[in-house]
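Below is input35.pdb, holding PDB, C-alpha atoms and all ligand atoms.
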```pdb
ATOM      1  CA  MET Q   1      20.450 -28.409   8.005
ATOM      2  CA  ASP Q   2      22.069 -31.845   8.058
ATOM      3  CA  PHE Q   3      24.593 -31.928   5.217
ATOM      4  CA  GLY Q   4      24.451 -35.736   5.062
ATOM      5  CA  ILE Q   5      28.217 -36.230   5.144
ATOM      6  CA  ALA Q   6      28.763 -37.518   8.690
ATOM      7  CA  GLY Q   7      31.184 -40.451   8.638
ATOM      8  CA  LYS Q   8      32.593 -39.611   5.194
ATOM      9  CA  VAL Q   9      36.366 -39.432   4.786
ATOM     10  CA  ALA Q  10      37.571 -35.924   3.923
ATOM     11  CA  LEU Q  11      41.131 -35.006   2.988
ATOM     12  CA  VAL Q  12      42.124 -31.347   3.281
ATOM     13  CA  THR Q  13      45.683 -30.492   2.285
ATOM     14  CA  ALA Q  14      47.779 -27.623   3.687
ATOM     15  CA  ALA Q  15      45.474 -27.348   6.667
ATOM     16  CA  SER Q  16      47.450 -26.723   9.865
ATOM     17  CA  ARG Q  17      46.206 -23.118   9.813
ATOM     18  CA  GLY Q  18      44.334 -20.590   7.685
ATOM     19  CA  LEU Q  19      41.721 -21.468   5.083
ATOM     20  CA  GLY Q  20      42.611 -25.159   4.857
ATOM     21  CA  ARG Q  21      42.171 -25.482   8.595
ATOM     22  CA  GLY Q  22      38.875 -23.563   8.385
ATOM     23  CA  CYS Q  23      37.620 -26.169   5.872
ATOM     24  CA  ALA Q  24      38.909 -29.112   7.935
ATOM     25  CA  ALA Q  25      37.263 -27.749  11.102
ATOM     26  CA  GLN Q  26      33.913 -27.288   9.399
ATOM     27  CA  LEU Q  27      33.969 -30.744   7.780
ATOM     28  CA  ALA Q  28      34.862 -32.258  11.164
ATOM     29  CA  ALA Q  29      31.972 -30.319  12.721
ATOM     30  CA  GLU Q  30      29.713 -32.011  10.144
ATOM     31  CA  GLY Q  31      30.943 -35.378  11.422
ATOM     32  CA  CYS Q  32      33.412 -36.226   8.645
ATOM     33  CA  ARG Q  33      36.504 -38.251   9.477
ATOM     34  CA  VAL Q  34      39.153 -35.766   8.460
ATOM     35  CA  ALA Q  35      42.744 -36.091   7.248
ATOM     36  CA  ILE Q  36      44.906 -32.986   7.103
ATOM     37  CA  CYS Q  37      48.496 -32.323   6.104
ATOM     38  CA  ALA Q  38      51.147 -29.623   6.302
ATOM     39  CA  ARG Q  39      54.944 -29.644   6.122
ATOM     40  CA  ASP Q  40      55.741 -29.503   9.830
ATOM     41  CA  GLU Q  41      54.897 -32.610  11.868
ATOM     42  CA  LYS Q  42      54.488 -30.960  15.266
ATOM     43  CA  THR Q  43      52.208 -28.237  13.890
ATOM     44  CA  VAL Q  44      50.005 -30.565  11.881
ATOM     45  CA  LYS Q  45      49.568 -33.068  14.725
ATOM     46  CA  LYS Q  46      48.662 -30.243  17.108
ATOM     47  CA  ALA Q  47      46.131 -28.832  14.620
ATOM     48  CA  ALA Q  48      44.573 -32.300  14.143
ATOM     49  CA  GLU Q  49      44.242 -32.757  17.917
ATOM     50  CA  GLU Q  50      42.653 -29.327  18.362
ATOM     51  CA  ILE Q  51      40.117 -29.858  15.553
ATOM     52  CA  ALA Q  52      39.284 -33.321  16.938
ATOM     53  CA  ASP Q  53      38.757 -31.882  20.446
ATOM     54  CA  GLN Q  54      36.513 -29.083  19.147
ATOM     55  CA  SER Q  55      34.400 -31.295  16.888
ATOM     56  CA  GLY Q  56      34.393 -34.696  18.550
ATOM     57  CA  SER Q  57      35.246 -36.214  15.134
ATOM     58  CA  GLN Q  58      38.242 -38.302  14.173
ATOM     59  CA  VAL Q  59      40.975 -36.043  12.725
ATOM     60  CA  MET Q  60      44.450 -37.232  11.717
ATOM     61  CA  GLY Q  61      47.437 -35.219  10.532
ATOM     62  CA  TRP Q  62      50.420 -36.143   8.343
ATOM     63  CA  THR Q  63      53.359 -34.274   6.888
ATOM     64  CA  ALA Q  64      53.388 -33.682   3.135
ATOM     65  CA  ASP Q  65      54.826 -30.970   0.937
ATOM     66  CA  MET Q  66      52.498 -30.022  -1.901
ATOM     67  CA  ILE Q  67      55.465 -29.199  -4.136
ATOM     68  CA  ARG Q  68      56.689 -32.831  -3.940
ATOM     69  CA  THR Q  69      54.649 -35.550  -5.632
ATOM     70  CA  ASP Q  70      56.360 -38.344  -3.654
ATOM     71  CA  THR Q  71      55.033 -36.911  -0.393
ATOM     72  CA  ILE Q  72      51.556 -36.496  -1.927
ATOM     73  CA  ASP Q  73      51.585 -40.213  -2.814
ATOM     74  CA  SER Q  74      52.684 -41.166   0.723
ATOM     75  CA  LEU Q  75      49.953 -38.943   2.164
ATOM     76  CA  LEU Q  76      47.284 -40.644   0.044
ATOM     77  CA  ASP Q  77      48.581 -44.083   1.112
ATOM     78  CA  SER Q  78      48.487 -43.107   4.802
ATOM     79  CA  VAL Q  79      44.938 -41.732   4.537
ATOM     80  CA  ARG Q  80      43.716 -44.868   2.742
ATOM     81  CA  GLN Q  81      45.281 -47.169   5.346
ATOM     82  CA  SER Q  82      44.094 -45.212   8.401
ATOM     83  CA  LEU Q  83      40.716 -43.757   7.399
ATOM     84  CA  GLY Q  84      39.808 -45.202   3.989
ATOM     85  CA  GLU Q  85      39.543 -43.700   0.501
ATOM     86  CA  PRO Q  86      38.810 -39.954   0.541
ATOM     87  CA  GLU Q  87      35.236 -39.200  -0.525
ATOM     88  CA  ILE Q  88      35.724 -35.457  -0.110
ATOM     89  CA  LEU Q  89      38.916 -33.734  -1.224
ATOM     90  CA  VAL Q  90      39.802 -30.111  -0.543
ATOM     91  CA  THR Q  91      43.004 -29.182  -2.383
ATOM     92  CA  ASN Q  92      45.086 -26.374  -0.944
ATOM     93  CA  ALA Q  93      48.731 -25.294  -0.764
ATOM     94  CA  GLY Q  94      50.569 -22.236   0.446
ATOM     95  CA  GLY Q  95      50.623 -19.340  -1.999
ATOM     96  CA  PRO Q  96      53.701 -18.639  -4.146
ATOM     97  CA  PRO Q  97      55.864 -15.579  -3.373
ATOM     98  CA  PRO Q  98      54.439 -12.198  -4.344
ATOM     99  CA  GLY Q  99      55.985 -10.255  -7.233
ATOM    100  CA  ASN Q 100      55.375  -8.787 -10.672
ATOM    101  CA  PHE Q 101      57.033  -9.412 -14.063
ATOM    102  CA  ALA Q 102      60.033  -7.232 -13.196
ATOM    103  CA  THR Q 103      60.735  -8.892  -9.851
ATOM    104  CA  THR Q 104      59.940 -12.557 -10.551
ATOM    105  CA  PRO Q 105      62.945 -14.720 -11.539
ATOM    106  CA  LEU Q 106      62.307 -17.258 -14.321
ATOM    107  CA  ASP Q 107      63.032 -20.270 -12.108
ATOM    108  CA  GLN Q 108      60.094 -19.383  -9.824
ATOM    109  CA  TYR Q 109      57.474 -20.045 -12.507
ATOM    110  CA  GLU Q 110      57.798 -23.812 -12.627
ATOM    111  CA  LYS Q 111      57.837 -24.053  -8.829
ATOM    112  CA  ALA Q 112      54.584 -22.105  -8.650
ATOM    113  CA  LEU Q 113      53.011 -24.417 -11.213
ATOM    114  CA  HIS Q 114      53.998 -27.440  -9.128
ATOM    115  CA  LEU Q 115      52.732 -25.885  -5.897
ATOM    116  CA  ASN Q 116      49.433 -24.386  -7.005
ATOM    117  CA  LEU Q 117      48.452 -26.385 -10.087
ATOM    118  CA  MET Q 118      50.112 -29.805 -10.301
ATOM    119  CA  SER Q 119      49.624 -30.635  -6.609
ATOM    120  CA  ALA Q 120      45.860 -30.443  -7.131
ATOM    121  CA  VAL Q 121      46.050 -32.451 -10.373
ATOM    122  CA  HIS Q 122      48.102 -35.119  -8.582
ATOM    123  CA  LEU Q 123      45.721 -35.320  -5.614
ATOM    124  CA  ILE Q 124      42.682 -35.518  -7.872
ATOM    125  CA  HIS Q 125      44.297 -38.351  -9.869
ATOM    126  CA  GLY Q 126      44.813 -40.162  -6.577
ATOM    127  CA  VAL Q 127      41.234 -39.919  -5.296
ATOM    128  CA  VAL Q 128      39.044 -40.116  -8.393
ATOM    129  CA  PRO Q 129      39.192 -43.890  -9.093
ATOM    130  CA  ALA Q 130      37.680 -44.740  -5.671
ATOM    131  CA  MET Q 131      35.079 -41.967  -6.033
ATOM    132  CA  GLN Q 132      34.104 -43.400  -9.424
ATOM    133  CA  ALA Q 133      33.779 -46.877  -7.930
ATOM    134  CA  LYS Q 134      31.428 -45.490  -5.248
ATOM    135  CA  GLY Q 135      29.534 -43.216  -7.621
ATOM    136  CA  TRP Q 136      29.955 -40.301  -5.201
ATOM    137  CA  GLY Q 137      32.632 -37.690  -4.596
ATOM    138  CA  ARG Q 138      33.228 -34.037  -3.832
ATOM    139  CA  ILE Q 139      36.297 -32.195  -5.069
ATOM    140  CA  ILE Q 140      36.837 -28.625  -3.937
ATOM    141  CA  ALA Q 141      39.921 -26.617  -4.865
ATOM    142  CA  ILE Q 142      40.967 -23.510  -2.978
ATOM    143  CA  THR Q 143      42.074 -21.049  -5.652
ATOM    144  CA  SER Q 144      41.709 -17.266  -5.408
ATOM    145  CA  ILE Q 145      39.662 -14.224  -6.378
ATOM    146  CA  SER Q 146      42.553 -13.694  -8.830
ATOM    147  CA  VAL Q 147      40.961 -16.111 -11.311
ATOM    148  CA  LYS Q 148      38.210 -13.520 -11.785
ATOM    149  CA  GLN Q 149      40.405 -10.465 -11.428
ATOM    150  CA  PRO Q 150      44.203 -10.979 -11.443
ATOM    151  CA  ILE Q 151      46.028  -9.268  -8.559
ATOM    152  CA  ASP Q 152      48.875  -6.947  -9.677
ATOM    153  CA  SER Q 153      51.502  -8.103  -7.181
ATOM    154  CA  LEU Q 154      50.718 -11.833  -7.435
ATOM    155  CA  LEU Q 155      51.867 -12.796 -10.929
ATOM    156  CA  LEU Q 156      52.749 -16.424 -10.085
ATOM    157  CA  SER Q 157      49.530 -17.050  -8.231
ATOM    158  CA  ASN Q 158      47.449 -15.520 -11.051
ATOM    159  CA  MET Q 159      49.148 -17.779 -13.596
ATOM    160  CA  ALA Q 160      48.974 -21.093 -11.731
ATOM    161  CA  ARG Q 161      45.377 -20.686 -10.560
ATOM    162  CA  ALA Q 162      44.138 -19.791 -14.027
ATOM    163  CA  GLY Q 163      45.578 -23.098 -15.287
ATOM    164  CA  LEU Q 164      43.984 -25.030 -12.428
ATOM    165  CA  THR Q 165      40.628 -23.387 -13.140
ATOM    166  CA  GLY Q 166      40.742 -24.648 -16.749
ATOM    167  CA  PHE Q 167      41.574 -28.159 -15.537
ATOM    168  CA  LEU Q 168      38.763 -28.193 -12.959
ATOM    169  CA  LYS Q 169      36.114 -26.935 -15.364
ATOM    170  CA  THR Q 170      37.051 -29.593 -17.915
ATOM    171  CA  ILE Q 171      37.003 -32.525 -15.504
ATOM    172  CA  ALA Q 172      33.773 -31.308 -13.855
ATOM    173  CA  THR Q 173      31.900 -32.169 -17.073
ATOM    174  CA  GLU Q 174      33.661 -35.503 -17.428
ATOM    175  CA  LEU Q 175      33.065 -36.628 -13.824
ATOM    176  CA  ALA Q 176      29.502 -35.360 -13.354
ATOM    177  CA  PRO Q 177      27.843 -38.553 -14.698
ATOM    178  CA  GLN Q 178      29.681 -40.506 -11.993
ATOM    179  CA  GLY Q 179      28.258 -38.492  -9.098
ATOM    180  CA  ILE Q 180      31.433 -36.486  -8.553
ATOM    181  CA  THR Q 181      31.220 -32.699  -8.310
ATOM    182  CA  VAL Q 182      34.231 -30.457  -8.908
ATOM    183  CA  ASN Q 183      34.181 -26.848  -7.768
ATOM    184  CA  ALA Q 184      36.586 -24.110  -6.770
ATOM    185  CA  LEU Q 185      36.313 -21.797  -3.787
ATOM    186  CA  LEU Q 186      37.799 -18.363  -4.379
ATOM    187  CA  PRO Q 187      38.956 -16.542  -1.255
ATOM    188  CA  GLY Q 188      38.950 -12.773  -1.276
ATOM    189  CA  THR Q 189      40.682 -11.475   1.847
ATOM    190  CA  HIS Q 190      40.623 -13.618   4.982
ATOM    191  CA  LYS Q 191      42.429 -13.226   8.283
ATOM    192  CA  THR Q 192      45.347 -15.670   7.838
ATOM    193  CA  SER Q 193      49.137 -15.592   7.919
ATOM    194  CA  ARG Q 194      49.166 -15.445   4.094
ATOM    195  CA  ILE Q 195      47.295 -12.157   4.278
ATOM    196  CA  GLU Q 196      49.702 -10.884   6.945
ATOM    197  CA  GLN Q 197      52.556 -11.619   4.490
ATOM    198  CA  LEU Q 198      50.798  -9.756   1.666
ATOM    199  CA  VAL Q 199      49.965  -6.828   3.939
ATOM    200  CA  GLN Q 200      53.666  -6.516   4.903
ATOM    201  CA  HIS Q 201      54.635  -6.632   1.204
ATOM    202  CA  ARG Q 202      52.157  -3.896   0.259
ATOM    203  CA  ALA Q 203      53.108  -1.782   3.284
ATOM    204  CA  ALA Q 204      56.775  -1.828   2.209
ATOM    205  CA  GLN Q 205      55.841  -1.012  -1.411
ATOM    206  CA  GLU Q 206      53.449   1.811  -0.539
ATOM    207  CA  LYS Q 207      55.533   3.136   2.409
ATOM    208  CA  LYS Q 208      52.649   2.708   4.840
ATOM    209  CA  THR Q 209      52.224   0.734   8.049
ATOM    210  CA  PRO Q 210      50.674  -2.752   7.906
ATOM    211  CA  GLU Q 211      47.800  -1.394  10.054
ATOM    212  CA  GLU Q 212      47.083   1.281   7.430
ATOM    213  CA  ILE Q 213      47.048  -1.289   4.625
ATOM    214  CA  LEU Q 214      44.703  -3.555   6.615
ATOM    215  CA  ALA Q 215      42.380  -0.629   7.358
ATOM    216  CA  GLN Q 216      42.336   0.225   3.611
ATOM    217  CA  MET Q 217      41.443  -3.387   2.754
ATOM    218  CA  MET Q 218      38.628  -3.430   5.286
ATOM    219  CA  SER Q 219      37.104  -0.122   4.212
ATOM    220  CA  ALA Q 220      37.291  -1.138   0.522
ATOM    221  CA  ASN Q 221      35.249  -4.288   1.218
ATOM    222  CA  PRO Q 222      31.444  -3.905   1.091
ATOM    223  CA  THR Q 223      31.184  -5.621   4.499
ATOM    224  CA  HIS Q 224      33.872  -3.292   5.954
ATOM    225  CA  SER Q 225      35.617  -6.355   7.309
ATOM    226  CA  ILE Q 226      37.935  -9.110   6.223
ATOM    227  CA  GLY Q 227      36.840 -12.730   6.219
ATOM    228  CA  ASP Q 228      37.521 -15.402   8.772
ATOM    229  CA  PRO Q 229      38.653 -18.978   7.910
ATOM    230  CA  SER Q 230      35.368 -20.227   9.392
ATOM    231  CA  ASP Q 231      33.374 -18.189   6.811
ATOM    232  CA  PHE Q 232      35.369 -19.991   4.180
ATOM    233  CA  GLY Q 233      35.046 -23.426   5.786
ATOM    234  CA  ALA Q 234      31.264 -23.083   5.901
ATOM    235  CA  ALA Q 235      31.177 -22.656   2.109
ATOM    236  CA  ALA Q 236      33.394 -25.733   1.681
ATOM    237  CA  ALA Q 237      31.115 -27.829   3.895
ATOM    238  CA  PHE Q 238      28.098 -26.807   1.823
ATOM    239  CA  LEU Q 239      29.819 -27.722  -1.470
ATOM    240  CA  ALA Q 240      30.713 -31.080   0.101
ATOM    241  CA  SER Q 241      27.129 -31.728   1.172
ATOM    242  CA  VAL Q 242      24.678 -34.171  -0.400
ATOM    243  CA  GLN Q 243      22.429 -31.163  -1.110
ATOM    244  CA  ALA Q 244      25.085 -29.647  -3.414
ATOM    245  CA  ARG Q 245      24.923 -32.566  -5.878
ATOM    246  CA  TYR Q 246      23.647 -30.287  -8.681
ATOM    247  CA  ILE Q 247      26.401 -27.682  -8.275
ATOM    248  CA  THR Q 248      29.506 -28.507 -10.285
ATOM    249  CA  GLY Q 249      32.084 -26.725 -12.440
ATOM    250  CA  GLN Q 250      31.577 -23.530 -10.436
ATOM    251  CA  ASN Q 251      33.911 -20.891  -9.035
ATOM    252  CA  LEU Q 252      32.377 -19.637  -5.796
ATOM    253  CA  LEU Q 253      33.739 -16.367  -4.447
ATOM    254  CA  VAL Q 254      33.900 -15.986  -0.668
ATOM    255  CA  ASP Q 255      34.953 -12.350  -0.575
ATOM    256  CA  GLY Q 256      32.320 -10.216   1.189
ATOM    257  CA  GLY Q 257      31.167  -8.880  -2.190
ATOM    258  CA  ASN Q 258      34.568  -7.386  -3.004
ATOM    259  CA  TYR Q 259      34.568  -8.507  -6.652
ATOM    260  CA  ARG Q 260      32.486  -5.978  -8.574
ATOM    261  CA  GLY Q 261      31.999  -7.870 -11.878
ATOM    262  CA  LEU Q 262      28.553  -9.130 -12.910
ATOM    263  CA  LEU Q 263      29.648 -12.771 -13.405
TER     264      LEU Q 263
HETATM  265  P1  LIG Q 301      48.215 -19.666   5.369
HETATM  266  O1  LIG Q 301      49.624 -19.253   5.138
HETATM  267  O2  LIG Q 301      47.478 -19.088   6.510
HETATM  268  O3  LIG Q 301      48.131 -21.259   5.529
HETATM  269  C1  LIG Q 301      48.739 -22.087   4.601
HETATM  270  C2  LIG Q 301      48.706 -23.525   5.089
HETATM  271  O4  LIG Q 301      49.356 -24.288   4.091
HETATM  272  C3  LIG Q 301      49.455 -23.773   6.378
HETATM  273  O5  LIG Q 301      48.822 -24.815   7.073
HETATM  274  C4  LIG Q 301      50.830 -24.218   5.893
HETATM  275  O6  LIG Q 301      51.485 -25.030   6.837
HETATM  276  C5  LIG Q 301      50.437 -25.015   4.676
HETATM  277  N1  LIG Q 301      51.430 -25.088   3.611
HETATM  278  C6  LIG Q 301      52.096 -24.055   3.057
HETATM  279  N2  LIG Q 301      52.871 -24.510   2.063
HETATM  280  C7  LIG Q 301      52.692 -25.844   1.998
HETATM  281  C8  LIG Q 301      53.234 -26.869   1.192
HETATM  282  N3  LIG Q 301      54.153 -26.623   0.248
HETATM  283  N4  LIG Q 301      52.831 -28.138   1.395
HETATM  284  C9  LIG Q 301      51.926 -28.419   2.363
HETATM  285  N5  LIG Q 301      51.385 -27.490   3.165
HETATM  286  C10 LIG Q 301      51.767 -26.224   2.988
HETATM  287  O7  LIG Q 301      47.483 -19.387   3.974
HETATM  288  P2  LIG Q 301      45.917 -19.144   3.678
HETATM  289  O8  LIG Q 301      45.643 -17.706   3.769
HETATM  290  O9  LIG Q 301      45.117 -20.114   4.417
HETATM  291  O10 LIG Q 301      45.885 -19.462   2.122
HETATM  292  C11 LIG Q 301      45.586 -20.738   1.579
HETATM  293  C12 LIG Q 301      45.617 -20.605   0.066
HETATM  294  O11 LIG Q 301      44.630 -19.674  -0.348
HETATM  295  C13 LIG Q 301      46.963 -20.087  -0.450
HETATM  296  O12 LIG Q 301      47.264 -20.712  -1.672
HETATM  297  C14 LIG Q 301      46.693 -18.605  -0.658
HETATM  298  O13 LIG Q 301      47.541 -18.031  -1.620
HETATM  299  C15 LIG Q 301      45.242 -18.653  -1.126
HETATM  300  N6  LIG Q 301      44.546 -17.378  -0.914
HETATM  301  C16 LIG Q 301      44.349 -16.905   0.344
HETATM  302  C17 LIG Q 301      43.671 -15.715   0.517
HETATM  303  C18 LIG Q 301      43.365 -15.182   1.891
HETATM  304  O14 LIG Q 301      42.617 -14.221   2.004
HETATM  305  N7  LIG Q 301      43.896 -15.727   2.963
HETATM  306  C19 LIG Q 301      43.230 -14.980  -0.598
HETATM  307  C20 LIG Q 301      43.449 -15.494  -1.874
HETATM  308  C21 LIG Q 301      44.125 -16.706  -2.015
END
```
Kindly return the structure encoded in the file as structure tokens.
Amino acid sequence: MDFGIAGKVALVTAASRGLGRGCAAQLAAEGCRVAICARDEKTVKKAAEEIADQSGSQVMGWTADMIRTDTIDSLLDSVRQSLGEPEILVTNAGGPPPGNFATTPLDQYEKALHLNLMSAVHLIHGVVPAMQAKGWGRIIAITSISVKQPIDSLLLSNMARAGLTGFLKTIATELAPQGITVNALLPGTHKTSRIEQLVQHRAAQEKKTPEEILAQMMSANPTHSIGDPSDFGAAAAFLASVQARYITGQNLLVDGGNYRGLL
């Protein structure tokens, strides 16, 4: 199926590896002109080159730190000057450190809110005016399965993503008349370095090897596997498509059926 987005400008943040990169690669494969960012210049440029080589699309990479609004503004300026106004935005940032109430120092809370909530708000503020002027836009936020079912050892992530979910649902209604959809993609467990970090954390807590923890995760999932960033990117490309114009304000789980709730 042709998703009808070839030539559109897509910005995917925090995308030198993992789920962000999976989304960028899939949007590039659909023919979008893609901008990505991460904190390390060498890594992000290399990722942009690799995605461009694989897809044949234009892909550019810049450094930006999602915890710093000044670098988000510079990123948006660079994308506008080099590729044009983003018509598709995928917001992403690294996850905050794991921990529970007993182990999380008070000063970590505000940082997590900046990283996983305010960065998305800031990016969305930056791209919406041009989307409104065009009468078309796709906003997709990478959040987490934790908005359906908070994860015990990820207090900061649970908190920040719940706030972002409330923001997204509210603006989805407001922006729908202008042809802009706003959705969240909720990863379950995908093969990325973030998951490696969480596996190490759980292994230390439960006095098991990382291999044992990974095997437990896989056998607990209905598919008996963990996801791949390309599974995730495919869902992002569909939400960005012209065909998805009637899907907005949704939280789409990409988790192999791991969440057992009805809704
Ligand atoms: P990852 O560690 O594999 O990749 C993170 C990417 O973000 C990298 O490109 C890194 O360079 C970049 N990055 C990190 N911090 C940044 C910052 N401050 N500013 C700019 N770029 C930054 O992580 P991932 O597994 O792809 O996870 C992406 C998001 O999805 C995270 O917020 C994570 O908590 C969440 N998540 C992931 C899973 C999963 O299964 N992998 C599950 C639930 C939630």
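Here the PyMOL selection byres (((chain Q and resi 211-217) around 10) and not hetatm) matches the residues Thr189, Ile195, Glu196, Leu198, Val199, Gln200, His201, Arg202, Ala203, Glu206, Lys207, Lys208, Thr209, Pro210, Met218, Ser219, Ala220, Asn221, His224, Ser225, Ile226 and Asn258 of chain Q.
Nearest to Thr91 of chain Q of all the residues Q:Ala47, Q:Ala130, Q:Asp228, Q:Leu164 is Q:Leu164, counting all atoms listed in the file.
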Can you list every residue of chain Q that has an atom at most 7 Å from ligand LIG 301 (chain Q), with its nearest atom pair and the distance in Å to one decimal, using all atoms listed in the file, ordered by chain then number, as a tab-separated table?
```
residue	atom	partner	partner_atom	distance
Q:Thr13	CA	Q:LIG301	N5	6.5
Q:Ala14	CA	Q:LIG301	N5	3.6
Q:Ala15	CA	Q:LIG301	O5	4.2
Q:Ser16	CA	Q:LIG301	O5	3.6
Q:Arg17	CA	Q:LIG301	O5	4.2
Q:Gly18	CA	Q:LIG301	O9	3.4
Q:Leu19	CA	Q:LIG301	O9	3.7
Q:Gly20	CA	Q:LIG301	O9	5.7
Q:Arg21	CA	Q:LIG301	O5	6.9
Q:Cys37	CA	Q:LIG301	N5	6.4
Q:Ala38	CA	Q:LIG301	N5	3.8
Q:Arg39	CA	Q:LIG301	C9	5.0
Q:Asp40	CA	Q:LIG301	O6	6.9
Q:Ala64	CA	Q:LIG301	C9	5.5
Q:Asp65	CA	Q:LIG301	N4	3.5
Q:Met66	CA	Q:LIG301	N4	3.8
Q:Ile67	CA	Q:LIG301	N3	5.3
Q:Asn92	CA	Q:LIG301	C12	5.9
Q:Ala93	CA	Q:LIG301	C7	4.9
Q:Gly94	CA	Q:LIG301	C6	3.5
Q:Gly95	CA	Q:LIG301	O13	3.4
Q:Pro96	CA	Q:LIG301	O13	6.7
Q:Leu115	CA	Q:LIG301	N3	6.4
Q:Asn116	CA	Q:LIG301	O12	6.8
Q:Ile142	CA	Q:LIG301	O11	5.9
Q:Thr143	CA	Q:LIG301	C15	6.0
Q:Ser144	CA	Q:LIG301	C21	4.2
Q:Ile145	CA	Q:LIG301	C20	6.0
Q:Ser157	CA	Q:LIG301	O13	7.0
Q:Leu186	CA	Q:LIG301	C20	6.8
Q:Pro187	CA	Q:LIG301	C19	4.6
Q:Gly188	CA	Q:LIG301	C19	4.9
Q:Thr189	CA	Q:LIG301	O14	3.4
Q:His190	CA	Q:LIG301	O14	3.6
Q:Lys191	CA	Q:LIG301	N7	6.1
Q:Thr192	CA	Q:LIG301	O2	4.2
Q:Ser193	CA	Q:LIG301	O2	4.1
Q:Arg194	CA	Q:LIG301	O1	4.0
Q:Ile195	CA	Q:LIG301	N7	5.1
```
Calculate how many Å separate atom CA of Val121 of chain Q from atom CA of Val44 of chain Q, rounding to one decimal.
22.7 Å
Around segment 102-116 of chain Q, with edges along x, y and z and 3 Å added on all six sides, what centre and edge lengths do you get, in Å to one decimal, as lines of an AutoDock Vina configuration file?
```
center_x = 56.2
center_y = -17.3
center_z = -10.1
size_x = 19.6
size_y = 26.2
size_z = 14.4
```
Name the residues captured by the PyMOL selection byres (((chain Q and resi 240-247) around 7) and not hetatm) when it is applied to the shown file; answer as a PyMOL selection string.
chain Q and resi 3-5+88+138+181+236-239+248+250
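Picture a line from atom CA of Arg161 of chain Q to atom CA of Ile72 of chain Q; it runs 19.0 Å.
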Residues within 10 Å of Ser78 of chain Q, please, as a PyMOL selection string. Count all atoms listed in the file; anything in the same chain fewer than 6 positions from it doesn't count.
chain Q and resi 35+60-62+72+84-85
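Minimum distance to Gly261 of chain Q across Q:Asn183, Q:Gly166, Q:Lys148, Q:Ala29 (counting only C-alpha atoms) occurs at Q:Lys148.
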Enter the distance from atom CA of Leu123 of chain Q to atom CA of Leu76 of chain Q, in Å, rounded to one decimal.
7.9 Å
What would the selection look like, as an NGL selection string, if the PyMOL selection byres (((chain Q and resi 28) around 12) and not hetatm) were run on the coordinates I just shared?
:Q and (3 or 5-12 or 21-27 or 29-36 or 48-60 or 88 or 233-234 or 236-237 or 240)
For the residues in the current selection, export C-alpha atoms as a PDB file, in the frame of the given file.
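As written to disk, result-v2.pdb reads:
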```pdb
ATOM      1  CA  PHE Q   3      24.593 -31.928   5.217  1.00  0.00           C
ATOM      2  CA  ILE Q   5      28.217 -36.230   5.144  1.00  0.00           C
ATOM      3  CA  ALA Q   6      28.763 -37.518   8.690  1.00  0.00           C
ATOM      4  CA  GLY Q   7      31.184 -40.451   8.638  1.00  0.00           C
ATOM      5  CA  LYS Q   8      32.593 -39.611   5.194  1.00  0.00           C
ATOM      6  CA  VAL Q   9      36.366 -39.432   4.786  1.00  0.00           C
ATOM      7  CA  ALA Q  10      37.571 -35.924   3.923  1.00  0.00           C
ATOM      8  CA  LEU Q  11      41.131 -35.006   2.988  1.00  0.00           C
ATOM      9  CA  VAL Q  12      42.124 -31.347   3.281  1.00  0.00           C
ATOM     10  CA  ARG Q  21      42.171 -25.482   8.595  1.00  0.00           C
ATOM     11  CA  GLY Q  22      38.875 -23.563   8.385  1.00  0.00           C
ATOM     12  CA  CYS Q  23      37.620 -26.169   5.872  1.00  0.00           C
ATOM     13  CA  ALA Q  24      38.909 -29.112   7.935  1.00  0.00           C
ATOM     14  CA  ALA Q  25      37.263 -27.749  11.102  1.00  0.00           C
ATOM     15  CA  GLN Q  26      33.913 -27.288   9.399  1.00  0.00           C
ATOM     16  CA  LEU Q  27      33.969 -30.744   7.780  1.00  0.00           C
ATOM     17  CA  ALA Q  29      31.972 -30.319  12.721  1.00  0.00           C
ATOM     18  CA  GLU Q  30      29.713 -32.011  10.144  1.00  0.00           C
ATOM     19  CA  GLY Q  31      30.943 -35.378  11.422  1.00  0.00           C
ATOM     20  CA  CYS Q  32      33.412 -36.226   8.645  1.00  0.00           C
ATOM     21  CA  ARG Q  33      36.504 -38.251   9.477  1.00  0.00           C
ATOM     22  CA  VAL Q  34      39.153 -35.766   8.460  1.00  0.00           C
ATOM     23  CA  ALA Q  35      42.744 -36.091   7.248  1.00  0.00           C
ATOM     24  CA  ILE Q  36      44.906 -32.986   7.103  1.00  0.00           C
ATOM     25  CA  ALA Q  48      44.573 -32.300  14.143  1.00  0.00           C
ATOM     26  CA  GLU Q  49      44.242 -32.757  17.917  1.00  0.00           C
ATOM     27  CA  GLU Q  50      42.653 -29.327  18.362  1.00  0.00           C
ATOM     28  CA  ILE Q  51      40.117 -29.858  15.553  1.00  0.00           C
ATOM     29  CA  ALA Q  52      39.284 -33.321  16.938  1.00  0.00           C
ATOM     30  CA  ASP Q  53      38.757 -31.882  20.446  1.00  0.00           C
ATOM     31  CA  GLN Q  54      36.513 -29.083  19.147  1.00  0.00           C
ATOM     32  CA  SER Q  55      34.400 -31.295  16.888  1.00  0.00           C
ATOM     33  CA  GLY Q  56      34.393 -34.696  18.550  1.00  0.00           C
ATOM     34  CA  SER Q  57      35.246 -36.214  15.134  1.00  0.00           C
ATOM     35  CA  GLN Q  58      38.242 -38.302  14.173  1.00  0.00           C
ATOM     36  CA  VAL Q  59      40.975 -36.043  12.725  1.00  0.00           C
ATOM     37  CA  MET Q  60      44.450 -37.232  11.717  1.00  0.00           C
ATOM     38  CA  ILE Q  88      35.724 -35.457  -0.110  1.00  0.00           C
ATOM     39  CA  GLY Q 233      35.046 -23.426   5.786  1.00  0.00           C
ATOM     40  CA  ALA Q 234      31.264 -23.083   5.901  1.00  0.00           C
ATOM     41  CA  ALA Q 236      33.394 -25.733   1.681  1.00  0.00           C
ATOM     42  CA  ALA Q 237      31.115 -27.829   3.895  1.00  0.00           C
ATOM     43  CA  ALA Q 240      30.713 -31.080   0.101  1.00  0.00           C
TER      44      ALA Q 240
END
```
